[in-house]
Structure formats: structure tokens, C-alpha cells
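A.B. asks: Take a look at the following structure, please.
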Amino acid sequence: MITDTVYVHVRHWLFWYGVYGFCDKSCNDEITLYSDKERINFLGYFDLLTQPCLIYSLNNELDKIEDNEFCNEIEEFIRGNKDIVYSYIYPRNEEDISHQVVHFAPLNDKGHKPTYIYVFSKLSKDWDMMSIERMVKILANDFLHLDIEKVVLLDIPTYEETKVSYDQDYELYL
């Protein structure tokens, strides 16, 4: 199915700080996809992680024992030849079942869709507006079965707004 446009909300200000050059570009961003700019028709939610982010997480953030399965997925991706791999969190209890994704996604052995999807990517070392657009087109095809022509980022802050937010976030460190 071909649709004209998918609208994207990038969750964190850190992405915009990198876009405007206040800090290094982000290597991990959460995005939400909509079919309308009013955000009424939710399409999906994804957590995008670049290879440098994954390597950093393995070496500095993840517990190799507690997060063993996730660490193994990351290590396999890093060693492998694929540019994109998806990692899924499936419902852990009855409450989680109501939080399954609404779009296509692989089912686990209990017949459940995931509640959360990580996207491991070697397509870029960090995220900018163009790499997010490229990834959204891939995700729309893989999970929504849509070939989209245009990606529109929602809520793009101005340089000035971003500078104010950056200064407020980091004034404690100055």
C-alpha cells in the first residue's frame, strides 16, 4: 500500500541539541509514527539505536548477567552482516498483553506481539533528520506494510527554543 506521508515525533530534546550543534548528535532516539499531523492516528513506536550506542551500552550500562539475552542480541548484531536488526520485548504478564503493538510484528511462542521494539542500526553512526527519515521509510515498509513518499517531523523546535532548553538542562553542570 502506498501512502503519501508519515508524521514523526522525536521524543527527546537531546536529538534536537545534536541537530543544532549544542552537543554530539544522538545515537539513541525514540520515535512515534502517525498517519496525521494532529497525532490522532497512531501507527507505531520505535526505539532507534546506532551501533556506537549499542557498543557503549554493552560496555557501560547493561548488566551482562541480568541483561544476558539482550546483550547477546547486541553482540550478534555487531558481529553480523545485517545493517538493521529488530529486538522485541514481549508481554511479561497479563497487564502487558494490553500493550502489544497494533501493527504487524512477529509473534512469540505464546502468540503475542511485542510491547516494545528496539531497532539496531548500522546505517549511520548517529541520528540526524535525514537518517531518521530514512529509518522511518524502512520501518513503515517492514512493520506497517506501507511505501511512503514523505516523512514529516513534528514539533521541530527553533534554534532559539532549543538553545533555551539546552541551557536549562545543562545549567546545573556549568
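Following the order of the C-alpha cells, first chain is A, next is B, and so on, with residues numbered from 1 inside each chain and ligands from 1 in the order they appear.
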Can you tell me, as an NGL selection string, what residues are no more than 10 Å from A:Glu73 when counting only C-alpha atoms, ignoring any on the same chain fewer than 6 positions away?
C.D. replies: :A and (85-87 or 120)
A.B. asks: Identify all residues of stretch 33-169 of chain A in alpha helix (DSSP H) (DSSP on the backbone) and supply them as a VMD selection string.
C.D. replies: chain A and resid 51 to 60 68 to 79 94 to 97 129 to 144 159 to 169
A.B. asks: A:Ile74: which residues within 12 Å, counting only C-alpha atoms, same-chain residues fewer than 2 positions away excluded, as a PyMOL selection string?
C.D. replies: chain A and resi 49-59+62+64+67-72+76-80+82+84-87+118-122
A.B. asks: Write to file, as a compact mmCIF listing (two decimals), in the first residue's frame, the residues of the selection just made, with N, CA, C and O atoms.
C.D. replies:
```
# COMPACT_ATOMS: atom_id res chain seq x y z
N LEU A 49 18.57 2.65 17.87
CA LEU A 49 19.90 2.61 18.47
C LEU A 49 20.95 2.35 17.39
O LEU A 49 20.85 1.38 16.64
N THR A 50 21.96 3.22 17.33
CA THR A 50 23.04 3.03 16.38
C THR A 50 24.07 2.05 16.97
O THR A 50 24.07 1.78 18.17
N GLN A 51 24.95 1.56 16.11
CA GLN A 51 25.98 0.64 16.59
C GLN A 51 26.86 1.27 17.67
O GLN A 51 27.12 0.61 18.68
N PRO A 52 27.34 2.51 17.53
CA PRO A 52 28.12 3.10 18.63
C PRO A 52 27.35 3.15 19.96
O PRO A 52 27.93 2.93 21.02
N CYS A 53 26.06 3.42 19.90
CA CYS A 53 25.23 3.43 21.10
C CYS A 53 25.18 2.03 21.72
O CYS A 53 25.29 1.89 22.94
N LEU A 54 25.02 1.03 20.89
CA LEU A 54 24.94 -0.34 21.38
C LEU A 54 26.26 -0.77 22.03
O LEU A 54 26.26 -1.42 23.09
N ILE A 55 27.37 -0.42 21.41
CA ILE A 55 28.68 -0.75 21.97
C ILE A 55 28.86 -0.06 23.32
O ILE A 55 29.31 -0.68 24.29
N TYR A 56 28.50 1.22 23.39
CA TYR A 56 28.58 1.95 24.65
C TYR A 56 27.71 1.28 25.73
O TYR A 56 28.14 1.10 26.86
N SER A 57 26.48 0.93 25.36
CA SER A 57 25.57 0.28 26.31
C SER A 57 26.15 -1.03 26.83
O SER A 57 26.07 -1.32 28.03
N LEU A 58 26.72 -1.83 25.94
CA LEU A 58 27.33 -3.09 26.35
C LEU A 58 28.46 -2.87 27.34
O LEU A 58 28.58 -3.60 28.33
N ASN A 59 29.28 -1.88 27.07
CA ASN A 59 30.47 -1.65 27.89
C ASN A 59 30.22 -0.85 29.16
O ASN A 59 31.03 -0.92 30.09
N LEU A 62 24.73 -1.94 30.52
CA LEU A 62 24.00 -3.19 30.69
C LEU A 62 24.72 -4.14 31.64
O LEU A 62 25.94 -4.20 31.68
N LYS A 64 25.70 -7.74 32.26
CA LYS A 64 25.89 -8.92 31.40
C LYS A 64 25.13 -10.14 31.90
O LYS A 64 24.79 -11.02 31.12
N ASP A 67 20.96 -8.73 31.99
CA ASP A 67 20.53 -8.41 30.63
C ASP A 67 21.15 -9.35 29.60
O ASP A 67 21.38 -8.96 28.46
N ASN A 68 21.43 -10.57 30.00
CA ASN A 68 22.17 -11.52 29.18
C ASN A 68 21.60 -11.70 27.78
O ASN A 68 22.33 -11.62 26.78
N GLU A 69 20.30 -11.93 27.68
CA GLU A 69 19.68 -12.17 26.37
C GLU A 69 19.82 -10.95 25.46
O GLU A 69 20.17 -11.06 24.29
N PHE A 70 19.55 -9.77 26.02
CA PHE A 70 19.66 -8.53 25.25
C PHE A 70 21.11 -8.29 24.83
O PHE A 70 21.39 -7.92 23.68
N CYS A 71 22.06 -8.52 25.73
CA CYS A 71 23.48 -8.37 25.41
C CYS A 71 23.88 -9.31 24.28
O CYS A 71 24.63 -8.91 23.37
N ASN A 72 23.39 -10.53 24.33
CA ASN A 72 23.71 -11.49 23.27
C ASN A 72 23.16 -11.03 21.92
O ASN A 72 23.83 -11.17 20.89
N GLU A 76 25.59 -10.21 18.76
CA GLU A 76 25.36 -10.90 17.48
C GLU A 76 25.17 -9.89 16.35
O GLU A 76 25.70 -10.06 15.25
N PHE A 77 24.43 -8.82 16.62
CA PHE A 77 24.22 -7.78 15.61
C PHE A 77 25.55 -7.12 15.25
O PHE A 77 25.86 -6.93 14.07
N ILE A 78 26.34 -6.76 16.24
CA ILE A 78 27.62 -6.08 15.99
C ILE A 78 28.54 -6.96 15.15
O ILE A 78 29.19 -6.48 14.22
N ARG A 79 28.59 -8.24 15.44
CA ARG A 79 29.44 -9.17 14.68
C ARG A 79 28.86 -9.52 13.31
O ARG A 79 29.59 -9.94 12.42
N GLY A 80 27.56 -9.35 13.15
CA GLY A 80 26.89 -9.81 11.95
C GLY A 80 27.01 -8.87 10.76
O GLY A 80 27.62 -7.79 10.85
N LYS A 82 24.22 -7.79 8.96
CA LYS A 82 22.99 -7.06 8.69
C LYS A 82 23.13 -5.60 9.13
O LYS A 82 23.75 -5.30 10.14
N ILE A 84 20.38 -3.67 9.73
CA ILE A 84 19.27 -3.40 10.66
C ILE A 84 18.80 -4.73 11.25
O ILE A 84 18.61 -5.71 10.52
N VAL A 85 18.59 -4.71 12.55
CA VAL A 85 18.04 -5.87 13.25
C VAL A 85 17.04 -5.33 14.26
O VAL A 85 17.23 -4.26 14.84
N TYR A 86 15.97 -6.10 14.48
CA TYR A 86 14.95 -5.71 15.45
C TYR A 86 15.03 -6.61 16.67
O TYR A 86 15.22 -7.82 16.56
N SER A 87 14.89 -6.00 17.84
CA SER A 87 14.86 -6.73 19.10
C SER A 87 13.49 -6.43 19.74
O SER A 87 13.07 -5.28 19.76
N TYR A 118 13.01 -2.48 19.67
CA TYR A 118 14.30 -1.81 19.51
C TYR A 118 14.75 -2.00 18.07
O TYR A 118 14.61 -3.10 17.51
N VAL A 119 15.31 -0.96 17.49
CA VAL A 119 15.85 -1.02 16.14
C VAL A 119 17.36 -0.81 16.25
O VAL A 119 17.81 0.26 16.63
N PHE A 120 18.13 -1.87 15.94
CA PHE A 120 19.59 -1.77 15.92
C PHE A 120 19.99 -1.40 14.50
O PHE A 120 19.57 -2.06 13.55
N SER A 121 20.82 -0.37 14.35
CA SER A 121 21.15 0.10 13.00
C SER A 121 22.64 0.38 12.83
O SER A 121 23.27 0.98 13.69
N LYS A 122 23.14 -0.04 11.67
CA LYS A 122 24.50 0.29 11.24
C LYS A 122 24.45 1.30 10.09
O LYS A 122 25.47 1.59 9.48
```
A.B. asks: Per residue of stretch 105-164 of chain A within 12 Å of stretch 3-17 of chain A, note the shortest atom pair and the distance in Å to one decimal, counting only C-alpha atoms, and order the rows by chain and increasing residue number, as a Markdown table.
C.D. replies:
```
| residue | atom | partner | partner_atom | distance |
| --- | --- | --- | --- | --- |
| A:Asp126 | CA | A:Phe15 | CA | 9.6 |
| A:Trp127 | CA | A:Phe15 | CA | 7.4 |
| A:Asp128 | CA | A:Phe15 | CA | 7.5 |
| A:Met129 | CA | A:Phe15 | CA | 9.1 |
| A:Ser131 | CA | A:Phe15 | CA | 11.8 |
| A:Ile132 | CA | A:Val8 | CA | 9.0 |
| A:Glu133 | CA | A:Val8 | CA | 8.7 |
| A:Arg134 | CA | A:Val6 | CA | 11.8 |
| A:Met135 | CA | A:Val8 | CA | 11.0 |
| A:Val136 | CA | A:Val8 | CA | 8.1 |
| A:Lys137 | CA | A:Val6 | CA | 8.5 |
| A:Ile138 | CA | A:Val6 | CA | 11.7 |
| A:Leu139 | CA | A:Val6 | CA | 10.7 |
| A:Ala140 | CA | A:Val6 | CA | 8.2 |
| A:Asn141 | CA | A:Thr3 | CA | 10.7 |
| A:Leu144 | CA | A:Val6 | CA | 10.7 |
| A:His145 | CA | A:Thr3 | CA | 10.1 |
| A:Leu146 | CA | A:Thr3 | CA | 6.5 |
| A:Asp147 | CA | A:Thr3 | CA | 6.4 |
| A:Ile148 | CA | A:Thr3 | CA | 5.2 |
| A:Glu149 | CA | A:Asp4 | CA | 5.2 |
| A:Lys150 | CA | A:Thr5 | CA | 4.7 |
| A:Val151 | CA | A:Val6 | CA | 5.1 |
| A:Val152 | CA | A:Tyr7 | CA | 4.8 |
| A:Leu153 | CA | A:Val8 | CA | 4.8 |
| A:Leu154 | CA | A:His9 | CA | 5.2 |
| A:Asp155 | CA | A:His9 | CA | 6.9 |
| A:Ile156 | CA | A:Trp16 | CA | 8.0 |
| A:Pro157 | CA | A:Trp16 | CA | 7.6 |
| A:Thr158 | CA | A:Trp16 | CA | 9.3 |
| A:Tyr159 | CA | A:Trp16 | CA | 8.8 |
| A:Glu160 | CA | A:Tyr17 | CA | 11.0 |
| A:Glu161 | CA | A:Trp16 | CA | 9.9 |
| A:Thr162 | CA | A:Tyr17 | CA | 6.5 |
| A:Lys163 | CA | A:Tyr17 | CA | 7.7 |
| A:Val164 | CA | A:Tyr17 | CA | 10.4 |
```
A.B. asks: Tell me, in Å to one decimal, how far atom CA of A:Asn93 is from atom CA of A:Tyr116.
C.D. replies: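 Here the two named atoms are 14.0 Å from each other.
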A.B. asks: Record the distance separating atom CA of A:Ile117 and atom CA of A:Phe46, expressed in Å with one decimal.
C.D. replies: 5.5 Å
A.B. asks: From the DSSP assignment of the backbone, select every residue of chain A that is strand (DSSP E or B), and format the answer as JSON, numbers by chain.
C.D. replies: {"A": [2, 3, 4, 5, 6, 7, 8, 9, 10, 28, 29, 30, 31, 32, 33, 34, 42, 43, 44, 45, 46, 47, 48, 49, 50, 84, 85, 86, 87, 88, 89, 116, 117, 118, 119, 120, 121, 147, 148, 149, 150, 151, 152, 153]}
A.B. asks: Got a sec: who's within 9 Å of A:Val101, counting only C-alpha atoms, leaving out chain neighbours fewer than 6 positions off, as a short mmCIF file (atom, residue, chain, number, x, y, z; two decimals) with N, CA and C atoms, in the first residue's frame?
C.D. replies:
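Saved result, out32.cif, follows:
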```cif
data_model
loop_
_atom_site.label_atom_id
_atom_site.label_comp_id
_atom_site.auth_asym_id
_atom_site.auth_seq_id
_atom_site.Cartn_x
_atom_site.Cartn_y
_atom_site.Cartn_z
N GLY A 44 2.80 3.63 15.28
CA GLY A 44 3.80 2.79 15.93
C GLY A 44 4.80 3.59 16.71
N TYR A 45 5.57 2.87 17.50
CA TYR A 45 6.55 3.46 18.39
C TYR A 45 7.81 2.60 18.31
N LYS A 113 2.19 -10.34 20.26
CA LYS A 113 3.05 -9.38 19.58
C LYS A 113 3.90 -8.68 20.64
N PRO A 114 4.98 -8.04 20.21
CA PRO A 114 5.81 -7.33 21.19
C PRO A 114 5.10 -6.11 21.78
N THR A 115 5.59 -5.70 22.94
CA THR A 115 5.11 -4.46 23.56
C THR A 115 6.08 -3.32 23.25
N TYR A 116 7.30 -3.68 22.83
CA TYR A 116 8.33 -2.68 22.58
C TYR A 116 9.28 -3.21 21.51
N ILE A 117 9.73 -2.32 20.63
CA ILE A 117 10.63 -2.74 19.55
C ILE A 117 11.86 -1.85 19.52
#
```
A.B. asks: Report the distance between atom CA of A:Lys25 and atom CA of A:Ser124 in Å, rounded to one decimal place.
C.D. replies: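 Interatomic distance here is 11.0 Å.
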A.B. asks: Find the residues near A:Pro91: any atom within 9 Å, counting only C-alpha atoms, skip ones fewer than 4 places away on the same chain, and give them as a list in words.
C.D. replies: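 Here the answer would be Glu95, Asp96, Ile97, Ser98, His99, Gln100, His112, Lys113, Pro114 and Thr115 of chain A.
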A.B. asks: So that I have them on file, write out the residues from the current selection with all heavy atoms, as a compact mmCIF listing (two decimals), in the first residue's frame.
C.D. replies:
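Full text of result_10.txt as output:
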```
# COMPACT_ATOMS: atom_id res chain seq x y z
N GLU A 95 -0.99 -7.90 32.40
CA GLU A 95 -1.14 -6.46 32.18
C GLU A 95 -0.45 -6.03 30.88
O GLU A 95 -0.96 -5.19 30.15
CB GLU A 95 -0.56 -5.68 33.37
CG GLU A 95 -0.72 -4.19 33.24
CD GLU A 95 -0.12 -3.45 34.42
OE1 GLU A 95 -0.23 -3.94 35.56
OE2 GLU A 95 0.46 -2.39 34.17
N ASP A 96 0.71 -6.60 30.59
CA ASP A 96 1.46 -6.25 29.39
C ASP A 96 0.73 -6.63 28.10
O ASP A 96 0.96 -6.02 27.05
CB ASP A 96 2.83 -6.93 29.38
CG ASP A 96 3.85 -6.26 30.27
OD1 ASP A 96 3.54 -5.20 30.85
OD2 ASP A 96 4.96 -6.81 30.38
N ILE A 97 -0.14 -7.61 28.16
CA ILE A 97 -0.83 -8.07 26.96
C ILE A 97 -1.61 -6.95 26.30
O ILE A 97 -1.67 -6.84 25.08
CB ILE A 97 -1.74 -9.29 27.28
CG1 ILE A 97 -0.85 -10.49 27.60
CG2 ILE A 97 -2.67 -9.61 26.12
CD1 ILE A 97 -1.59 -11.71 28.09
N SER A 98 -2.15 -6.05 27.08
CA SER A 98 -2.93 -4.94 26.52
C SER A 98 -2.03 -3.87 25.87
O SER A 98 -2.54 -2.95 25.24
CB SER A 98 -3.81 -4.29 27.60
OG SER A 98 -3.00 -3.69 28.59
N HIS A 99 -0.72 -4.01 26.00
CA HIS A 99 0.22 -3.03 25.44
C HIS A 99 0.95 -3.53 24.19
O HIS A 99 1.95 -2.95 23.79
CB HIS A 99 1.24 -2.61 26.50
CG HIS A 99 0.62 -1.95 27.69
ND1 HIS A 99 0.07 -0.70 27.64
CD2 HIS A 99 0.45 -2.40 28.95
CE1 HIS A 99 -0.41 -0.40 28.83
NE2 HIS A 99 -0.20 -1.41 29.64
N GLN A 100 0.43 -4.60 23.59
CA GLN A 100 1.05 -5.12 22.38
C GLN A 100 0.93 -4.10 21.24
O GLN A 100 -0.03 -3.34 21.19
CB GLN A 100 0.36 -6.42 21.95
CG GLN A 100 0.55 -7.56 22.93
CD GLN A 100 -0.23 -8.77 22.50
OE1 GLN A 100 0.21 -9.50 21.64
NE2 GLN A 100 -1.41 -8.96 23.09
N HIS A 112 1.77 -13.79 21.15
CA HIS A 112 1.71 -12.37 21.47
C HIS A 112 2.63 -11.56 20.57
O HIS A 112 3.73 -12.00 20.22
CB HIS A 112 2.10 -12.11 22.93
CG HIS A 112 1.17 -12.76 23.90
ND1 HIS A 112 1.61 -13.54 24.93
CD2 HIS A 112 -0.18 -12.73 24.00
CE1 HIS A 112 0.59 -13.97 25.63
NE2 HIS A 112 -0.51 -13.50 25.08
N LYS A 113 2.19 -10.34 20.26
CA LYS A 113 3.05 -9.38 19.58
C LYS A 113 3.90 -8.68 20.64
O LYS A 113 3.57 -8.70 21.82
CB LYS A 113 2.20 -8.32 18.86
CG LYS A 113 1.49 -8.82 17.64
CD LYS A 113 0.76 -7.67 16.97
CE LYS A 113 0.07 -8.10 15.70
NZ LYS A 113 -0.57 -6.94 15.05
N PRO A 114 4.98 -8.04 20.21
CA PRO A 114 5.81 -7.33 21.19
C PRO A 114 5.10 -6.11 21.78
O PRO A 114 4.17 -5.57 21.18
CB PRO A 114 7.03 -6.90 20.39
CG PRO A 114 6.73 -7.14 18.98
CD PRO A 114 5.52 -7.99 18.87
N THR A 115 5.59 -5.70 22.94
CA THR A 115 5.11 -4.46 23.56
C THR A 115 6.08 -3.32 23.25
O THR A 115 5.73 -2.15 23.41
CB THR A 115 5.00 -4.61 25.09
OG1 THR A 115 6.27 -4.98 25.62
CG2 THR A 115 3.95 -5.65 25.45
```
